[in-house]
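Just protein.txt here, compact mmCIF, N, CA and C atoms:
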```
# COMPACT_ATOMS: atom_id res chain seq x y z
N MET A 1 4.70 123.77 -30.58
CA MET A 1 3.36 123.98 -30.08
C MET A 1 3.06 125.48 -29.90
N ASN A 2 4.03 126.21 -29.32
CA ASN A 2 3.85 127.65 -29.13
C ASN A 2 3.72 128.39 -30.45
N ALA A 3 4.44 127.93 -31.46
CA ALA A 3 4.36 128.57 -32.78
C ALA A 3 2.95 128.43 -33.36
N THR A 4 2.33 127.28 -33.14
CA THR A 4 0.97 127.05 -33.63
C THR A 4 -0.01 127.95 -32.89
N ILE A 5 0.15 128.07 -31.59
CA ILE A 5 -0.73 128.93 -30.80
C ILE A 5 -0.53 130.39 -31.20
N ASP A 6 0.72 130.80 -31.38
CA ASP A 6 1.00 132.17 -31.80
C ASP A 6 0.38 132.48 -33.16
N ARG A 7 0.51 131.53 -34.09
CA ARG A 7 -0.05 131.72 -35.43
C ARG A 7 -1.58 131.82 -35.35
N PHE A 8 -2.19 130.91 -34.57
CA PHE A 8 -3.65 130.93 -34.41
C PHE A 8 -4.11 132.23 -33.78
N SER A 9 -3.44 132.65 -32.69
CA SER A 9 -3.86 133.88 -32.02
C SER A 9 -3.65 135.10 -32.92
N GLY A 10 -2.61 135.08 -33.75
CA GLY A 10 -2.40 136.18 -34.69
C GLY A 10 -3.52 136.26 -35.71
N HIS A 11 -3.95 135.10 -36.25
CA HIS A 11 -5.07 135.08 -37.19
C HIS A 11 -6.36 135.53 -36.51
N TYR A 12 -6.54 135.08 -35.27
CA TYR A 12 -7.74 135.44 -34.53
C TYR A 12 -7.79 136.95 -34.28
N LEU A 13 -6.69 137.53 -33.85
CA LEU A 13 -6.64 138.98 -33.60
C LEU A 13 -6.87 139.77 -34.88
N SER A 14 -6.31 139.29 -35.98
CA SER A 14 -6.50 139.95 -37.26
C SER A 14 -7.98 139.92 -37.66
N LEU A 15 -8.60 138.78 -37.47
CA LEU A 15 -10.01 138.64 -37.80
C LEU A 15 -10.88 139.54 -36.92
N THR A 16 -10.60 139.58 -35.62
CA THR A 16 -11.42 140.41 -34.74
C THR A 16 -11.28 141.90 -35.07
N LYS A 17 -10.11 142.32 -35.49
CA LYS A 17 -9.94 143.72 -35.89
C LYS A 17 -10.80 144.04 -37.11
N LYS A 18 -10.89 143.09 -38.03
CA LYS A 18 -11.73 143.31 -39.22
C LYS A 18 -13.20 143.33 -38.84
N VAL A 19 -13.61 142.45 -37.94
CA VAL A 19 -15.01 142.42 -37.50
C VAL A 19 -15.35 143.70 -36.74
N ASP A 20 -14.39 144.22 -35.96
CA ASP A 20 -14.62 145.46 -35.21
C ASP A 20 -14.97 146.62 -36.13
N LEU A 21 -14.51 146.58 -37.38
CA LEU A 21 -14.82 147.64 -38.33
C LEU A 21 -16.32 147.70 -38.65
N LEU A 22 -17.03 146.60 -38.40
CA LEU A 22 -18.46 146.55 -38.68
C LEU A 22 -19.31 147.14 -37.55
N GLN A 23 -18.71 147.38 -36.39
CA GLN A 23 -19.47 147.88 -35.25
C GLN A 23 -20.24 149.17 -35.55
N PRO A 24 -19.63 150.19 -36.15
CA PRO A 24 -20.41 151.40 -36.44
C PRO A 24 -21.59 151.14 -37.37
N VAL A 25 -21.41 150.26 -38.33
CA VAL A 25 -22.50 149.93 -39.26
C VAL A 25 -23.62 149.19 -38.54
N ALA A 26 -23.24 148.27 -37.64
CA ALA A 26 -24.24 147.52 -36.88
C ALA A 26 -25.02 148.45 -35.95
N LEU A 27 -24.33 149.38 -35.30
CA LEU A 27 -25.02 150.34 -34.43
C LEU A 27 -25.96 151.24 -35.24
N LEU A 28 -25.50 151.67 -36.41
CA LEU A 28 -26.36 152.49 -37.27
C LEU A 28 -27.58 151.70 -37.71
N ALA A 29 -27.40 150.45 -38.10
CA ALA A 29 -28.53 149.61 -38.52
C ALA A 29 -29.52 149.43 -37.38
N ALA A 30 -29.03 149.20 -36.17
CA ALA A 30 -29.90 149.05 -35.01
C ALA A 30 -30.67 150.34 -34.75
N ARG A 31 -29.98 151.47 -34.84
CA ARG A 31 -30.63 152.76 -34.61
C ARG A 31 -31.72 153.02 -35.64
N VAL A 32 -31.41 152.76 -36.91
CA VAL A 32 -32.38 153.01 -37.98
C VAL A 32 -33.60 152.10 -37.84
N TYR A 33 -33.36 150.82 -37.55
CA TYR A 33 -34.47 149.87 -37.43
C TYR A 33 -35.41 150.26 -36.29
N VAL A 34 -34.87 150.49 -35.10
CA VAL A 34 -35.71 150.82 -33.96
C VAL A 34 -36.40 152.16 -34.18
N ALA A 35 -35.69 153.12 -34.73
CA ALA A 35 -36.28 154.44 -35.00
C ALA A 35 -37.45 154.30 -35.96
N TRP A 36 -37.29 153.49 -36.99
CA TRP A 36 -38.36 153.30 -37.98
C TRP A 36 -39.60 152.74 -37.30
N VAL A 37 -39.43 151.74 -36.44
CA VAL A 37 -40.57 151.11 -35.75
C VAL A 37 -41.34 152.14 -34.93
N PHE A 38 -40.61 152.90 -34.12
CA PHE A 38 -41.28 153.87 -33.25
C PHE A 38 -41.85 155.05 -34.03
N PHE A 39 -41.14 155.51 -35.05
CA PHE A 39 -41.63 156.64 -35.84
C PHE A 39 -42.93 156.27 -36.56
N MET A 40 -42.98 155.06 -37.12
CA MET A 40 -44.21 154.62 -37.79
C MET A 40 -45.37 154.52 -36.80
N SER A 41 -45.09 154.10 -35.59
CA SER A 41 -46.12 154.05 -34.55
C SER A 41 -46.63 155.46 -34.24
N GLY A 42 -45.71 156.42 -34.17
CA GLY A 42 -46.11 157.81 -33.93
C GLY A 42 -46.96 158.36 -35.06
N LEU A 43 -46.59 158.03 -36.31
CA LEU A 43 -47.39 158.47 -37.45
C LEU A 43 -48.80 157.88 -37.41
N THR A 44 -48.90 156.63 -37.00
CA THR A 44 -50.21 155.98 -36.88
C THR A 44 -51.07 156.72 -35.85
N LYS A 45 -50.45 157.13 -34.78
CA LYS A 45 -51.20 157.84 -33.74
C LYS A 45 -51.73 159.18 -34.24
N ILE A 46 -50.93 159.94 -34.97
CA ILE A 46 -51.41 161.26 -35.41
C ILE A 46 -52.37 161.17 -36.59
N ARG A 47 -52.35 160.06 -37.32
CA ARG A 47 -53.27 159.91 -38.46
C ARG A 47 -54.72 159.86 -37.99
N ASP A 48 -54.94 159.24 -36.82
CA ASP A 48 -56.30 159.13 -36.30
C ASP A 48 -56.27 159.44 -34.81
N TRP A 49 -56.22 160.74 -34.52
CA TRP A 49 -56.03 161.18 -33.14
C TRP A 49 -57.19 160.77 -32.23
N GLU A 50 -58.40 160.78 -32.76
CA GLU A 50 -59.56 160.38 -31.94
C GLU A 50 -59.42 158.92 -31.49
N THR A 51 -59.00 158.05 -32.39
CA THR A 51 -58.80 156.65 -32.02
C THR A 51 -57.65 156.52 -31.03
N THR A 52 -56.61 157.30 -31.22
CA THR A 52 -55.48 157.28 -30.28
C THR A 52 -55.96 157.65 -28.88
N LEU A 53 -56.73 158.73 -28.78
CA LEU A 53 -57.25 159.14 -27.47
C LEU A 53 -58.15 158.06 -26.87
N PHE A 54 -58.98 157.46 -27.71
CA PHE A 54 -59.85 156.38 -27.23
C PHE A 54 -59.02 155.22 -26.69
N LEU A 55 -58.00 154.83 -27.42
CA LEU A 55 -57.16 153.71 -26.98
C LEU A 55 -56.44 154.04 -25.67
N PHE A 56 -55.94 155.25 -25.54
CA PHE A 56 -55.26 155.62 -24.30
C PHE A 56 -56.24 155.71 -23.13
N GLU A 57 -57.49 156.04 -23.42
CA GLU A 57 -58.48 156.12 -22.35
C GLU A 57 -59.01 154.74 -21.96
N GLU A 58 -59.25 153.90 -22.95
CA GLU A 58 -59.95 152.63 -22.68
C GLU A 58 -59.06 151.38 -22.69
N GLU A 59 -58.06 151.36 -23.52
CA GLU A 59 -57.28 150.14 -23.73
C GLU A 59 -55.97 150.15 -22.94
N TYR A 60 -55.24 151.24 -23.03
CA TYR A 60 -53.93 151.32 -22.38
C TYR A 60 -54.12 151.84 -20.96
N SER A 61 -53.42 151.27 -20.05
CA SER A 61 -53.49 151.72 -18.65
C SER A 61 -52.14 152.32 -18.27
N VAL A 62 -51.86 153.50 -18.79
CA VAL A 62 -50.58 154.15 -18.51
C VAL A 62 -50.58 154.58 -17.05
N PRO A 63 -49.61 154.09 -16.27
CA PRO A 63 -49.62 154.43 -14.85
C PRO A 63 -49.25 155.89 -14.61
N LEU A 64 -49.91 156.49 -13.64
CA LEU A 64 -49.61 157.82 -13.11
C LEU A 64 -49.94 159.00 -14.01
N LEU A 65 -50.41 158.78 -15.22
CA LEU A 65 -50.67 159.88 -16.14
C LEU A 65 -52.11 159.88 -16.61
N ASN A 66 -52.64 161.08 -16.81
CA ASN A 66 -53.93 161.25 -17.46
C ASN A 66 -53.81 160.70 -18.88
N TYR A 67 -54.87 160.10 -19.40
CA TYR A 67 -54.78 159.45 -20.72
C TYR A 67 -54.43 160.43 -21.84
N GLU A 68 -54.92 161.67 -21.78
CA GLU A 68 -54.60 162.64 -22.83
C GLU A 68 -53.12 163.03 -22.79
N LEU A 69 -52.61 163.27 -21.59
CA LEU A 69 -51.20 163.59 -21.45
C LEU A 69 -50.33 162.42 -21.90
N ALA A 70 -50.73 161.22 -21.55
CA ALA A 70 -49.99 160.02 -21.97
C ALA A 70 -49.97 159.90 -23.49
N ALA A 71 -51.10 160.19 -24.12
CA ALA A 71 -51.18 160.12 -25.59
C ALA A 71 -50.26 161.15 -26.23
N TRP A 72 -50.28 162.38 -25.72
CA TRP A 72 -49.41 163.43 -26.26
C TRP A 72 -47.94 163.08 -26.06
N LEU A 73 -47.57 162.68 -24.86
CA LEU A 73 -46.17 162.36 -24.58
C LEU A 73 -45.68 161.18 -25.41
N SER A 74 -46.51 160.17 -25.51
CA SER A 74 -46.14 158.99 -26.30
C SER A 74 -45.94 159.35 -27.77
N THR A 75 -46.88 160.08 -28.30
CA THR A 75 -46.81 160.47 -29.72
C THR A 75 -45.61 161.37 -29.98
N ALA A 76 -45.41 162.35 -29.12
CA ALA A 76 -44.25 163.24 -29.29
C ALA A 76 -42.95 162.45 -29.20
N GLY A 77 -42.86 161.56 -28.23
CA GLY A 77 -41.66 160.74 -28.09
C GLY A 77 -41.41 159.87 -29.29
N GLU A 78 -42.49 159.30 -29.84
CA GLU A 78 -42.34 158.41 -30.99
C GLU A 78 -42.04 159.16 -32.29
N LEU A 79 -42.26 160.45 -32.32
CA LEU A 79 -41.96 161.23 -33.52
C LEU A 79 -40.63 161.97 -33.43
N VAL A 80 -40.27 162.45 -32.26
CA VAL A 80 -39.04 163.25 -32.12
C VAL A 80 -37.82 162.38 -31.82
N LEU A 81 -37.95 161.48 -30.86
CA LEU A 81 -36.79 160.68 -30.44
C LEU A 81 -36.22 159.80 -31.56
N PRO A 82 -37.03 159.20 -32.42
CA PRO A 82 -36.44 158.41 -33.52
C PRO A 82 -35.59 159.24 -34.48
N ILE A 83 -35.98 160.47 -34.71
CA ILE A 83 -35.17 161.34 -35.59
C ILE A 83 -33.80 161.58 -34.96
N LEU A 84 -33.81 161.89 -33.66
CA LEU A 84 -32.54 162.07 -32.95
C LEU A 84 -31.71 160.79 -32.97
N LEU A 85 -32.38 159.66 -32.80
CA LEU A 85 -31.69 158.37 -32.77
C LEU A 85 -31.02 158.07 -34.11
N VAL A 86 -31.71 158.27 -35.20
CA VAL A 86 -31.13 158.02 -36.52
C VAL A 86 -29.92 158.92 -36.76
N LEU A 87 -30.06 160.18 -36.40
CA LEU A 87 -28.95 161.11 -36.57
C LEU A 87 -27.79 160.80 -35.62
N GLY A 88 -28.12 160.15 -34.53
CA GLY A 88 -27.10 159.93 -33.51
C GLY A 88 -26.81 161.22 -32.77
N LEU A 89 -27.81 162.06 -32.66
CA LEU A 89 -27.71 163.33 -31.95
C LEU A 89 -28.36 163.14 -30.59
N ALA A 90 -27.57 163.30 -29.54
CA ALA A 90 -28.03 162.94 -28.19
C ALA A 90 -28.49 161.48 -28.21
N GLY A 91 -27.65 160.64 -28.79
CA GLY A 91 -28.00 159.24 -29.03
C GLY A 91 -28.39 158.49 -27.78
N ARG A 92 -27.61 158.64 -26.72
CA ARG A 92 -27.94 157.94 -25.48
C ARG A 92 -29.26 158.44 -24.90
N PHE A 93 -29.48 159.75 -24.94
CA PHE A 93 -30.72 160.34 -24.44
C PHE A 93 -31.93 159.82 -25.24
N SER A 94 -31.82 159.83 -26.56
CA SER A 94 -32.95 159.40 -27.38
C SER A 94 -33.20 157.90 -27.20
N ALA A 95 -32.15 157.11 -27.08
CA ALA A 95 -32.33 155.67 -26.86
C ALA A 95 -32.96 155.41 -25.49
N LEU A 96 -32.55 156.16 -24.49
CA LEU A 96 -33.14 156.01 -23.16
C LEU A 96 -34.61 156.43 -23.18
N GLY A 97 -34.91 157.52 -23.88
CA GLY A 97 -36.30 157.97 -23.99
C GLY A 97 -37.18 156.94 -24.67
N LEU A 98 -36.69 156.37 -25.76
CA LEU A 98 -37.47 155.33 -26.46
C LEU A 98 -37.56 154.07 -25.62
N SER A 99 -36.56 153.80 -24.80
CA SER A 99 -36.63 152.65 -23.89
C SER A 99 -37.77 152.84 -22.89
N ILE A 100 -37.92 154.06 -22.41
CA ILE A 100 -39.01 154.34 -21.48
C ILE A 100 -40.36 154.18 -22.18
N VAL A 101 -40.47 154.70 -23.39
CA VAL A 101 -41.70 154.52 -24.18
C VAL A 101 -41.98 153.03 -24.38
N ASN A 102 -40.95 152.27 -24.67
CA ASN A 102 -41.08 150.83 -24.89
C ASN A 102 -41.57 150.12 -23.63
N VAL A 103 -40.97 150.42 -22.50
CA VAL A 103 -41.36 149.77 -21.24
C VAL A 103 -42.79 150.15 -20.86
N VAL A 104 -43.11 151.44 -20.99
CA VAL A 104 -44.47 151.88 -20.65
C VAL A 104 -45.49 151.22 -21.58
N ALA A 105 -45.15 151.04 -22.84
CA ALA A 105 -46.07 150.37 -23.78
C ALA A 105 -46.36 148.95 -23.32
N VAL A 106 -45.34 148.24 -22.89
CA VAL A 106 -45.54 146.85 -22.43
C VAL A 106 -46.35 146.83 -21.13
N LEU A 107 -46.02 147.72 -20.21
CA LEU A 107 -46.72 147.74 -18.92
C LEU A 107 -48.16 148.23 -19.05
N SER A 108 -48.45 149.02 -20.08
CA SER A 108 -49.77 149.61 -20.24
C SER A 108 -50.82 148.62 -20.74
N LEU A 109 -50.38 147.58 -21.38
CA LEU A 109 -51.33 146.62 -21.93
C LEU A 109 -51.62 145.52 -20.92
N GLU A 110 -52.90 145.24 -20.73
CA GLU A 110 -53.25 144.15 -19.83
C GLU A 110 -52.83 142.81 -20.42
N GLU A 111 -53.02 142.67 -21.71
CA GLU A 111 -52.61 141.46 -22.41
C GLU A 111 -51.75 141.86 -23.60
N ILE A 112 -50.68 141.11 -23.81
CA ILE A 112 -49.81 141.36 -24.96
C ILE A 112 -49.46 140.02 -25.58
N ALA A 113 -49.58 139.95 -26.87
CA ALA A 113 -49.28 138.70 -27.58
C ALA A 113 -47.80 138.35 -27.40
N PRO A 114 -47.49 137.07 -27.30
CA PRO A 114 -46.08 136.67 -27.12
C PRO A 114 -45.16 137.20 -28.21
N ALA A 115 -45.62 137.23 -29.45
CA ALA A 115 -44.77 137.74 -30.54
C ALA A 115 -44.51 139.23 -30.36
N ALA A 116 -45.52 139.99 -29.96
CA ALA A 116 -45.34 141.43 -29.72
C ALA A 116 -44.41 141.65 -28.54
N TYR A 117 -44.55 140.85 -27.50
CA TYR A 117 -43.68 140.97 -26.33
C TYR A 117 -42.22 140.71 -26.72
N THR A 118 -42.01 139.72 -27.56
CA THR A 118 -40.66 139.39 -28.03
C THR A 118 -40.07 140.56 -28.81
N LEU A 119 -40.87 141.19 -29.65
CA LEU A 119 -40.38 142.36 -30.40
C LEU A 119 -39.99 143.49 -29.45
N HIS A 120 -40.79 143.72 -28.44
CA HIS A 120 -40.46 144.76 -27.46
C HIS A 120 -39.13 144.46 -26.76
N ILE A 121 -38.87 143.19 -26.50
CA ILE A 121 -37.59 142.81 -25.89
C ILE A 121 -36.44 143.08 -26.86
N VAL A 122 -36.62 142.72 -28.12
CA VAL A 122 -35.58 142.97 -29.13
C VAL A 122 -35.30 144.47 -29.23
N TRP A 123 -36.35 145.27 -29.32
CA TRP A 123 -36.17 146.72 -29.40
C TRP A 123 -35.46 147.24 -28.16
N GLY A 124 -35.83 146.72 -27.00
CA GLY A 124 -35.20 147.14 -25.76
C GLY A 124 -33.72 146.80 -25.74
N LEU A 125 -33.36 145.62 -26.24
CA LEU A 125 -31.94 145.23 -26.28
C LEU A 125 -31.15 146.10 -27.25
N LEU A 126 -31.72 146.39 -28.39
CA LEU A 126 -31.04 147.26 -29.35
C LEU A 126 -30.86 148.67 -28.78
N LEU A 127 -31.88 149.16 -28.11
CA LEU A 127 -31.78 150.48 -27.49
C LEU A 127 -30.76 150.47 -26.34
N ALA A 128 -30.71 149.38 -25.59
CA ALA A 128 -29.75 149.27 -24.49
C ALA A 128 -28.31 149.37 -25.00
N GLN A 129 -28.05 148.82 -26.18
CA GLN A 129 -26.71 148.93 -26.76
C GLN A 129 -26.33 150.39 -26.96
N VAL A 130 -27.27 151.17 -27.47
CA VAL A 130 -26.97 152.58 -27.73
C VAL A 130 -26.82 153.33 -26.40
N VAL A 131 -27.65 153.01 -25.42
CA VAL A 131 -27.53 153.67 -24.12
C VAL A 131 -26.16 153.36 -23.51
N LEU A 132 -25.73 152.11 -23.58
CA LEU A 132 -24.48 151.69 -22.93
C LEU A 132 -23.23 152.14 -23.69
N TRP A 133 -23.24 152.03 -25.02
CA TRP A 133 -22.03 152.28 -25.81
C TRP A 133 -22.08 153.55 -26.65
N GLY A 134 -23.20 154.22 -26.65
CA GLY A 134 -23.32 155.42 -27.47
C GLY A 134 -23.78 155.07 -28.88
N ALA A 135 -23.96 156.11 -29.68
CA ALA A 135 -24.50 155.94 -31.03
C ALA A 135 -23.48 155.42 -32.03
N GLY A 136 -22.21 155.44 -31.67
CA GLY A 136 -21.18 154.90 -32.56
C GLY A 136 -20.53 155.97 -33.42
N TYR A 137 -19.57 155.52 -34.20
CA TYR A 137 -18.77 156.42 -35.03
C TYR A 137 -19.60 157.13 -36.09
N LEU A 138 -20.62 156.46 -36.62
CA LEU A 138 -21.46 157.05 -37.67
C LEU A 138 -22.62 157.82 -37.04
N SER A 139 -22.30 158.86 -36.28
CA SER A 139 -23.32 159.64 -35.60
C SER A 139 -22.87 161.09 -35.45
N VAL A 140 -23.83 161.95 -35.27
CA VAL A 140 -23.52 163.35 -35.01
C VAL A 140 -22.79 163.48 -33.68
N ASP A 141 -23.19 162.68 -32.69
CA ASP A 141 -22.50 162.71 -31.39
C ASP A 141 -21.01 162.48 -31.55
N SER A 142 -20.64 161.51 -32.36
CA SER A 142 -19.23 161.19 -32.58
C SER A 142 -18.50 162.36 -33.23
N LYS A 143 -19.13 162.97 -34.20
CA LYS A 143 -18.50 164.11 -34.89
C LYS A 143 -18.35 165.30 -33.95
N LEU A 144 -19.38 165.54 -33.13
CA LEU A 144 -19.29 166.63 -32.16
C LEU A 144 -18.21 166.36 -31.13
N GLN A 145 -18.14 165.12 -30.67
CA GLN A 145 -17.14 164.77 -29.67
C GLN A 145 -15.73 164.90 -30.22
N SER A 146 -15.50 164.45 -31.44
CA SER A 146 -14.17 164.55 -32.01
C SER A 146 -13.81 166.02 -32.27
N GLY A 147 -14.79 166.85 -32.55
CA GLY A 147 -14.55 168.27 -32.72
C GLY A 147 -14.15 168.95 -31.42
N PHE A 148 -14.75 168.52 -30.32
CA PHE A 148 -14.41 169.09 -29.01
C PHE A 148 -13.05 168.60 -28.53
N VAL A 149 -12.71 167.36 -28.86
CA VAL A 149 -11.44 166.79 -28.40
C VAL A 149 -10.27 167.46 -29.10
N LYS A 150 -10.42 167.82 -30.39
CA LYS A 150 -9.32 168.41 -31.16
C LYS A 150 -8.95 169.80 -30.66
N LYS A 151 -9.88 170.51 -30.09
CA LYS A 151 -9.61 171.91 -29.67
C LYS A 151 -8.80 171.98 -28.43
```
Hey, can you dump this file as structure tokens for me?
Amino acid sequence: MNATIDRFSGHYLSLTKKVDLLQPVALLAARVYVAWVFFMSGLTKIRDWETTLFLFEEEYSVPLLNYELAAWLSTAGELVLPILLVLGLAGRFSALGLSIVNVVAVLSLEEIAPAAYTLHIVWGLLLAQVVLWGAGYLSVDSKLQSGFVKK
């Protein structure tokens, strides 16, 4: 009986080690996907700035901020932070920044469609992974860290 358990646990451990090799790729895919969503939103905002200002003044109720400042901060965050996230440069910082943009976007809308709300939750979960575990092996952060550790 113990031999069967040992054999099973050996196969299981071997399999988990192989699956662990996919973690950097999965983190990179999550970073690229979320960055793409937010970057495209930022591009939409700068394409028609007058409409963006109108929406921030009339549609979105960003707490504690003037609508123009909120529009500028949101647009800047959606254009700069995704680039950092894809590169994995200050990965935790950029993921946390986009998480704040994500939460403020949900809180700013009086009504949000269930499908849109679900997407915001998915983006938040993907960003939480990067905040908690870092950008992963396939990131500038990882290369910088390994460079500092070797010295």
With only C-alpha atoms as the counted atoms, please give the residues lying no more than 9 Å from A:Leu87, apart from itself and same-chain residues fewer than 2 positions off, as an MDAnalysis selection string.
chainID A and resid 31:32 82:85 89:91 135 138:141
Enumerate the residues of chain A with a DSSP assignment of helix (DSSP H, G or I), computed from the backbone, and present them as a PyMOL selection string.
chain A and resi 2-20+23-47+49-59+67-87+91-108+114-133+140-150
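Near A:Ala35, within 10 Å and counting only C-alpha atoms, sit Ala29, Ala30, Arg31, Val32, Phe38, Phe39, Met40, Ser41, Glu78, Leu79, Val80, Leu81, Pro82, Ile83, Leu84, Leu85, Val86, Ser94, Ala95, Leu98, Trp123 and Leu127 of chain A, not including residues fewer than 3 positions from it in the same chain.
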Atomic distance atom CA of A:Ser14 - atom N of A:Leu28, expressed in Å with one decimal:
22.3 Å
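When only N, CA and C atoms are used to measure the gap to A:Ser99, the shortest distance among A:Gly124, A:Phe54, A:Ser142, A:Lys45 belongs to A:Gly124.
Atom to atom, atom CA of A:Ala105 and atom N of A:Val131 stand 18.7 Å apart.
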Separation of atom C of A:Thr75 from atom C of A:Ile46 in Å
9.5 Å
